[in-house]
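To start, the structure under review is shown below, and the notes come after it.
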Amino acid sequence: MYHDYDRAKLFTRRAFMLAGGQATLVGALAARMYYLQVVEANKYALEAEGNRISMQLLAPPRGLILDRNGVAMAINQHNYRVLAVPEQTPSIDYTLDQLSRIIPLSDGDRARIHKDARRHRSFVPITVRENLSWEEVARVEVNIPDLPGVVIDVGQSRFYPLEQLGAHILGYVSAPSEADLGNDADPLLELPGFRIGKSGVEKIYDPALRGKGGKSELEVNAVGRVIRELKREEGQPGINLTLTLDLKLQEFAAQRLGDQSAAAVVMDIHTGDVIVMASTPSFDPNTFNRGLSSTEWSELINNPYAPLTNKPIAAQYPPGSTFKPMVALAALESNSVTPDQRVFCPGYVQLGNFVFHCWKHGGHGSLDLVGAIKNSCDVYFYEIARRVGIDRIHDMAVRFGLGSATSIDLPGERPGLIPDREWKRTAMGQPWHPGETLVNGIGQGYVLATPLQLATMAARIANDGYGVVPHVARDAIVGTEAHRRPPPNWPSLEVSHASLAVVRQGMFAVCNEPGGTAYRERITEDGMWMAGKTGTAQVRHITAREREADKKNEEIPWKERDHALFVAFAPVQTPRFSIAVVVEHGGHGGSAAGPIAHDIMLEVQKRMLGIIPTMEPG
Amino acid sequence: MMLPLAPRQPSHFNRTEMTWRDKIWQINWSLIALITAVCGVGFLTLYSAAQGSLEPWALKQMLRFLLGMGILFLVAMVDIRFWMRHAYTLYLVAMVLLVAVQIRGTVGMGAQRWIDLGFIQLQPSEIMKIALILSLARYFHGASLQEIGRPLFLLPPLIMVLAPTGLVLKQPDLGTALMLVMSSGAIFFIAGVRLWKFGMLIASALAVLPVAWSFLHDYQRKRLIVFLDPDSDPLGAGYHITQSKIALGSGGIFGKGYMMGTQSRLNFLPEKQTDFIFTMFAEEWGMVGGLFLLALYVLLVANGYAIALRCRSQFGRLVALGVTTTFFLYFFINTAMVMGLVPVVGVPLPLISYGGTAMLSLLFGFGLVMSAYIHRDVQIGRRGSHED
């Protein structure tokens with residue numbers, strides 16, 4: 001029995017050791033529990049919520065774009081889609097067979113649907129067809145009892161009812177690119193089918209038009225099935241954007257430009273409202289939303305008439321004689337010439353070894369400033385440009401909005417170019433030639449301007465020297481909010497009214513005095529008379545031989561023909577509107593651009609006069 | 001609690017031949033109460049796991065509990081010497097069954113573990129857990145300390161352990177194999193085997209570890225690797241551990257509330273009614289609930305210790321502690337596993353996880369503990385007969 005006593009004692013000791021070991025392990029369990037459920041509890045609680053809750057973004061409706069009269073230019077269209085939920089049908093093929101009796105389904109569609117169905121869980125709806133017509137929707141709806149698993153869903157897609165009209169100002173929407181995703185943290189961009197503005201006001205006002213996404217918090221289980229909606233936060237629809245454009249006039253201008261490669265801009269000289277901004281040829285922005293085929297794309301890109309370019313702001317032309325008012329103002333303001341001083345034009349002028357021709361063989365004879373503008377005499381302007389010097393011409397042109405972007409609310413505006421000595425030294429590393437002053441003094445050479453800049457220039461002449469800036473959005477859009485624009489309070493350009501009056505008189509003579517370069521394009525309707533300036537811009541150097549041959553425009557290849565330009569304002573007594581028309585390779589400004597400007601300006605006034613502008617410039 | 005520091009005096013009535021009436025008087029009701037409490041937690045949790053339904057788990061589990069309790073009482077009523085006499089027979093039967101599943105087993109969960117008897121799926125490894133405890137207890141019951149000191153004397157029990165362990169490993173059931181080895185180790189330990197011998201054994205075990213690694217199945221190796229670095233495979237094998245930790249941690253101190261566990265309700269938690277039921281419980285009841293359950297288990301184990309210490313026979317002591325230790329290993333490995341402390345080895349939470357065989361074999365085991373308690377003063381001879 002003694003050994004039994006020993007054994008029992010040993011057993012007891014060992015049992016206590018074992019119990020001690022087990023107690024230690026239990027302690028470890030309790031410590032672990034404390035660590036997980038107290039120390040790390042917040043982290044895991046977050047992760048559990050992340051597991052449980054799936055955020056679904058609700059796309060806000062994109063703001064509409066309207067013209068100044070409230071006519072819709074960009075709207076959202078219901079996009080009817082047929083979806084199929086694989087788990088709700090005995091066989092997806094059966095459902096598709098049934099469906100194909102109602103709406104056409106290609107083999108490609110079927111293959112894609114099967115692929116999608118394999119990739120997703122069986123409760124995820126698969127898109128069968130998009131953009132169904134009303135009739136198709138109705139037919140599917142009626143047959144729903146025989147179509148297991150079929151659901152009709154309404155999404156929204158951007159639609160431009162006017163198609164090509166105003167396309168350049170509107171721009172277009174399209175799926176965000178990789179770069180867009182990188183630059184813009186808005187989670188809406190990740191939504192399948194979401195579109196963002198890619199050009200025009202769709203782009204520049206994209207944040208305001210886009211609105212704010214809503215949120216739906218969904219409780220999902222481990223396989224992703226939605227159990228219920230926990231919370232719904234409605235988004236904020238994009239604001240409706242009203243433009244300053246008048247669609248009727250825009251349409252008129254576009255038709256008037258026809259199928260030429262041309263641009264026309266009409267703006268309010270006091271407010272800066274752009275009433276017409278036409279660029280031909282145009283494109284249909286709906287195709288971008290839908291997705292372009294590569295042939296469509298290459299056709300657009302390779303078209304020599306550049307349908308995608310918004311020419312009023314993105315095409316730069318030598319302004320030709322339309323630049324002469326700037327030279328005249330620079331000369332008057334620097335007292336290099338008085339309105340009454342006359343210059344004799346023998347048809348050419350010699351400077352050093354170079355001969356500079358007037359456009360008129362044989363010359364204009366003796367001319368004062370008004371006469372020189374009226375006849376667009378090159379020799380007169382060679383002379384006063386030489387007297388003023390390029391730097392002062394540059395200063396005056398810059399004051400009138402040339403040489404830098406007007407900062408209109410549209411993307412892709414180009415700055416044009418007004419040279420001076422400094423510019424030539426930096427850009428070309430060469431000193432300025434006196435002869436270049438002559439060439440640039442008639443708007444050739446280095447000088448470049450966009451049609452919008454020319455319209456702005458004309459507006460600033462017409463409004464007696466105030467720095468009006470053009471815009472296309474009626475309201476000032478700050479971030480995602482629209483505020484009414486404050487009454488215009490443009491800075492004075494510090495140009496004397498007398499000088500401006502002389503230049504305006506010259507422009508009046510161009511249109512309204514017999515012999516003026518645009519006399520044939522005058523407006524005769526009472527109170528609508530127009531004052532303007534023609535321009536013909538050479539796109540290549542004319543050799544002496546060609547000058548002798550005096551070729552007709554039609555005999556030259558299109559690409560080498562002159563650009564035709566015209567700038568004007570109206571009505572002459574109390575100006576309200578300015579216009580710039582450029583017809584690329586259209587020939588002579590007076591004959592190619594003038595009639596268009598005449599027609600548009602007349603139409604603008606007929607439609608808009610009597611509507612008093614809200615504010616006079618301060 | 002009385003500690004058997006001295007040989008106990010024979011009590012006032014005859015412990016050698018007890019009547020049924022005597023035995024029923026001797027039932028340890030606190031053991032019954034604790035078992036019932038733990039199982040009750042199980043029913044509640046299974047009810048919640050089915051999202052507030054007795055089907056498909058809670059009701060079945062209750063029926064099994066009733067059956068198991070019946071078995072417990074029957075086993076407890078049987079004289080402890082009967083169990084000792086038939087320990088080796090039971091062991092042999094279990095061995096035969098283990099070999100049988102090797103030969104023609106039903107393939108379930110990628111492992112051959114069951115023999116389908118029609119009404120119940122018999123898991124021979126569960127029988128082996130009991131049989132091994134009984135056999136080792138019988139072997140060491142008759143051994144003096146001198147004998148235990150002889151290495152050769154330890155060879156038969158070592159073979160007794162390793163033979164079924166090898167078979168179970170081959171099934172492959174890493175969890176059960178580990179439990180067989182560890183609970184046997186505990187019996188060796190309390191029987192008085194010297195500590196340095198354990199050291200040698202562990203050292204040689206470490207030496208054959210690379211060999212063992214080659215025997216492991218790919219999924220077992222993967223589990224071990226993923227245990228060491230759960231983030232290496234957050235959506236694959238590590239998913240279980242990660243989701244389990246999220247469920248536990250998000251429960252916090254007071255839990256999400258009964259039937260409100262999001263991880264389990266939304267199926268992020270795998271196997272929530274079986275191996276990961278502790279996670280589900282702790283998600284809904286928080287650390288407070290988890291510690292409560294842990295406390296119940298500890299009380300149950302402590303009760304086992306108390307019973308073992310009060311037994312007069314070495315056999316009774318070893319059986320009581322063997323079963324208790326097995327039970328401890330069950331809940332320790334399971335909870336440590338779901339908390340990411342040890343690899344996922346597929347050990348259920350004892351008396352709570354849904355499943356028939358584990359429940360029945362555990363209650364059978366507690367029946368033996370109860371029998372040891374009821375017959376605690378019975379003196380047993382070397383071969384299980386009455387000692388004169």
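For the structure tokens, the naming scheme is as follows: chains receive sequential letters (A, B, ...) according to their order of presentation, residues are indexed from 1 within each chain, and ligands are indexed from 1 in presentation order.
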Can you list every residue in region 141-289 of chain A that DSSP puts in strand (DSSP E or B), as an MDAnalysis selection string?
chainID A and resid 150:159 173:174 196:197 212 214:220 226:233 236 241:243 262:268 273:280
Counting only C-alpha atoms, which residues of chain B come no farther than 7 Å from chain A, as JSON, numbers by chain?
{"B": [5, 6, 7, 144, 145, 189, 190, 191, 192, 246, 247, 248, 249, 250, 251, 252, 253, 262, 263, 266, 267, 268, 287, 291, 309, 336]}
Within 9 Å of Val124 (chain A) using only C-alpha atoms, minus same-chain residues under 6 positions, as a list in words
Ala84, Val85, Pro86, Glu87, Ala117 and Arg225 of chain A
Could those selected residues go to a file with C-alpha atoms, as a PDB file, in the first residue's frame?
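Below is the file selection_20.pdb, written as the result:
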ATOM      1  CA  ALA A  84     -31.763  39.355 -67.581  1.00  0.00           C
ATOM      2  CA  VAL A  85     -31.226  37.882 -64.134  1.00  0.00           C
ATOM      3  CA  PRO A  86     -29.815  34.372 -64.683  1.00  0.00           C
ATOM      4  CA  GLU A  87     -31.017  32.938 -61.363  1.00  0.00           C
ATOM      5  CA  ALA A 117     -23.492  35.617 -67.047  1.00  0.00           C
ATOM      6  CA  ARG A 225     -26.369  39.534 -52.509  1.00  0.00           C
TER       7      ARG A 225
END
Can you tell me, as number ranges by chain, what residues are no more than 6 Å from Ala537 (chain A) when counting only C-alpha atoms, ignoring any on the same chain fewer than 2 positions away?
A: 318, 320, 562-563
May I have the residues from that selection written out with N, CA and C atoms, as a PDB file, in the first residue's frame?
ATOM      1  N   PRO A 318      -4.236  85.139 -89.986  1.00  0.00           N
ATOM      2  CA  PRO A 318      -3.728  86.503 -90.124  1.00  0.00           C
ATOM      3  C   PRO A 318      -4.945  87.413 -90.309  1.00  0.00           C
ATOM      4  N   GLY A 320      -5.298  90.245 -91.567  1.00  0.00           N
ATOM      5  CA  GLY A 320      -5.335  91.062 -92.775  1.00  0.00           C
ATOM      6  C   GLY A 320      -5.775  92.473 -92.438  1.00  0.00           C
ATOM      7  N   ASP A 562      -6.738  82.867-100.449  1.00  0.00           N
ATOM      8  CA  ASP A 562      -6.729  83.784 -99.318  1.00  0.00           C
ATOM      9  C   ASP A 562      -7.895  83.490 -98.374  1.00  0.00           C
ATOM     10  N   HIS A 563      -7.685  83.830 -97.063  1.00  0.00           N
ATOM     11  CA  HIS A 563      -8.802  83.799 -96.137  1.00  0.00           C
ATOM     12  C   HIS A 563      -9.594  85.085 -96.291  1.00  0.00           C
TER      13      HIS A 563
END
Selection near Leu360 (chain B), 9 Å with only C-alpha atoms, sequence-local residues under 5 positions removed, as a compact mmCIF listing (two decimals) with N, CA, C and O atoms, in the first residue's frame:
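File written: selection-v2.txt
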# COMPACT_ATOMS: atom_id res chain seq x y z
N ARG B 64 -29.72 14.90 -29.68
CA ARG B 64 -28.44 14.23 -29.46
C ARG B 64 -28.00 14.38 -28.00
O ARG B 64 -27.43 13.47 -27.41
N PHE B 65 -28.27 15.57 -27.46
CA PHE B 65 -27.91 15.81 -26.07
C PHE B 65 -28.66 14.85 -25.15
O PHE B 65 -28.08 14.24 -24.25
N LEU B 67 -29.92 11.96 -25.96
CA LEU B 67 -29.35 10.63 -26.18
C LEU B 67 -28.02 10.51 -25.44
O LEU B 67 -27.75 9.51 -24.73
N GLY B 68 -27.20 11.55 -25.57
CA GLY B 68 -25.88 11.55 -24.92
C GLY B 68 -25.99 11.49 -23.41
O GLY B 68 -25.21 10.79 -22.75
N MET B 69 -26.96 12.23 -22.86
CA MET B 69 -27.14 12.19 -21.41
C MET B 69 -27.54 10.79 -20.96
O MET B 69 -27.09 10.30 -19.92
N ILE B 71 -26.67 8.05 -22.45
CA ILE B 71 -25.42 7.27 -22.50
C ILE B 71 -24.58 7.56 -21.28
O ILE B 71 -24.03 6.65 -20.63
N LEU B 72 -24.49 8.87 -20.95
CA LEU B 72 -23.69 9.27 -19.78
C LEU B 72 -24.14 8.52 -18.53
O LEU B 72 -23.31 7.96 -17.79
N LEU B 351 -19.24 20.07 -26.96
CA LEU B 351 -20.62 20.15 -26.46
C LEU B 351 -21.42 21.29 -27.08
O LEU B 351 -22.59 21.46 -26.80
N GLY B 355 -22.91 18.65 -34.29
CA GLY B 355 -22.28 17.41 -34.73
C GLY B 355 -22.56 16.32 -33.71
O GLY B 355 -22.51 16.55 -32.50
N GLY B 365 -17.47 9.98 -22.52
CA GLY B 365 -16.29 10.24 -21.71
C GLY B 365 -16.67 10.77 -20.33
O GLY B 365 -16.15 10.32 -19.30
Using Å and a single decimal, report how far CA of Val604 (chain A) sits from CA of Pro411 (chain A).
25.6 Å
Could you give me, as a ChimeraX atom specification, the residues within 9 Å of Gly589 (chain A), counting only C-alpha atoms and dropping anything in the same chain fewer than 3 positions from it?
/A:321,517-518,533-537,562-566,582-583,586,592-594
What's the 8 Å shell around Gly515 (chain A), counting only C-alpha atoms, without same-chain residues fewer than 2 positions away, as number ranges by chain?
A: 374-375, 510, 513, 517, 519
Please write the residues from the selection above to a file, keeping all heavy atoms, as a short mmCIF file (atom, residue, chain, number, x, y, z; two decimals), in the first residue's frame.
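Generated output (selection.cif):
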data_model
loop_
_atom_site.label_atom_id
_atom_site.label_comp_id
_atom_site.auth_asym_id
_atom_site.auth_seq_id
_atom_site.Cartn_x
_atom_site.Cartn_y
_atom_site.Cartn_z
N LYS A 374 -11.73 103.28 -95.34
CA LYS A 374 -12.82 103.00 -96.28
C LYS A 374 -12.32 102.21 -97.48
O LYS A 374 -12.93 101.22 -97.88
CB LYS A 374 -13.43 104.33 -96.74
CG LYS A 374 -14.43 104.21 -97.88
CD LYS A 374 -14.88 105.59 -98.34
CE LYS A 374 -15.57 105.52 -99.68
NZ LYS A 374 -15.83 106.87 -100.20
N ASN A 375 -11.14 102.59 -97.99
CA ASN A 375 -10.60 101.93 -99.17
C ASN A 375 -9.64 100.81 -98.82
O ASN A 375 -9.14 100.13 -99.71
CB ASN A 375 -9.88 102.96 -100.04
CG ASN A 375 -10.87 103.90 -100.70
OD1 ASN A 375 -11.64 103.51 -101.57
ND2 ASN A 375 -10.89 105.16 -100.23
N VAL A 510 -16.64 102.29 -94.78
CA VAL A 510 -16.41 101.02 -95.47
C VAL A 510 -17.72 100.45 -95.98
O VAL A 510 -17.83 99.97 -97.11
CB VAL A 510 -15.72 100.01 -94.53
CG1 VAL A 510 -15.75 98.60 -95.12
CG2 VAL A 510 -14.30 100.44 -94.23
N GLU A 513 -20.52 104.15 -97.49
CA GLU A 513 -20.23 105.17 -98.49
C GLU A 513 -19.88 104.50 -99.80
O GLU A 513 -19.14 103.50 -99.80
CB GLU A 513 -19.08 106.06 -98.00
CG GLU A 513 -19.50 107.00 -96.89
CD GLU A 513 -18.34 107.84 -96.36
OE1 GLU A 513 -17.25 107.84 -96.99
OE2 GLU A 513 -18.52 108.47 -95.32
N THR A 517 -15.08 99.39 -99.24
CA THR A 517 -14.79 98.02 -99.68
C THR A 517 -15.95 97.08 -99.40
O THR A 517 -15.99 95.96 -99.91
CB THR A 517 -13.53 97.47 -98.99
OG1 THR A 517 -13.67 97.66 -97.57
CG2 THR A 517 -12.29 98.15 -99.49
N TYR A 519 -19.29 98.28 -99.47
CA TYR A 519 -20.48 99.07 -99.74
C TYR A 519 -21.63 98.19 -100.21
O TYR A 519 -22.78 98.38 -99.84
CB TYR A 519 -20.18 100.15 -100.80
CG TYR A 519 -21.36 101.03 -101.12
CD1 TYR A 519 -21.89 101.87 -100.13
CD2 TYR A 519 -21.95 100.99 -102.38
CE1 TYR A 519 -22.98 102.66 -100.42
CE2 TYR A 519 -23.05 101.79 -102.67
CZ TYR A 519 -23.55 102.62 -101.69
OH TYR A 519 -24.64 103.42 -101.97
#
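With only C-alpha atoms as the atoms that count, the minimum distance from Ser361 (chain B) to the choices B:Tyr219, B:Tyr91, B:Phe332, B:Phe327 is reached by B:Phe327.
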Out of region 25-167 of chain A, which residues get alpha helix (DSSP H) from DSSP, as a PyMOL selection string?
chain A and resi 25-34+41-52+92-100+107-119+134-142+167
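Atom pair CA of Ala459 (chain A) / CA of Gly389 (chain A): separated by 24.8 Å.
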Would you compute the distance between CA of Arg85 (chain B) and CA of Ile32 (chain B)? Give it in Å to one decimal.
26.0 Å
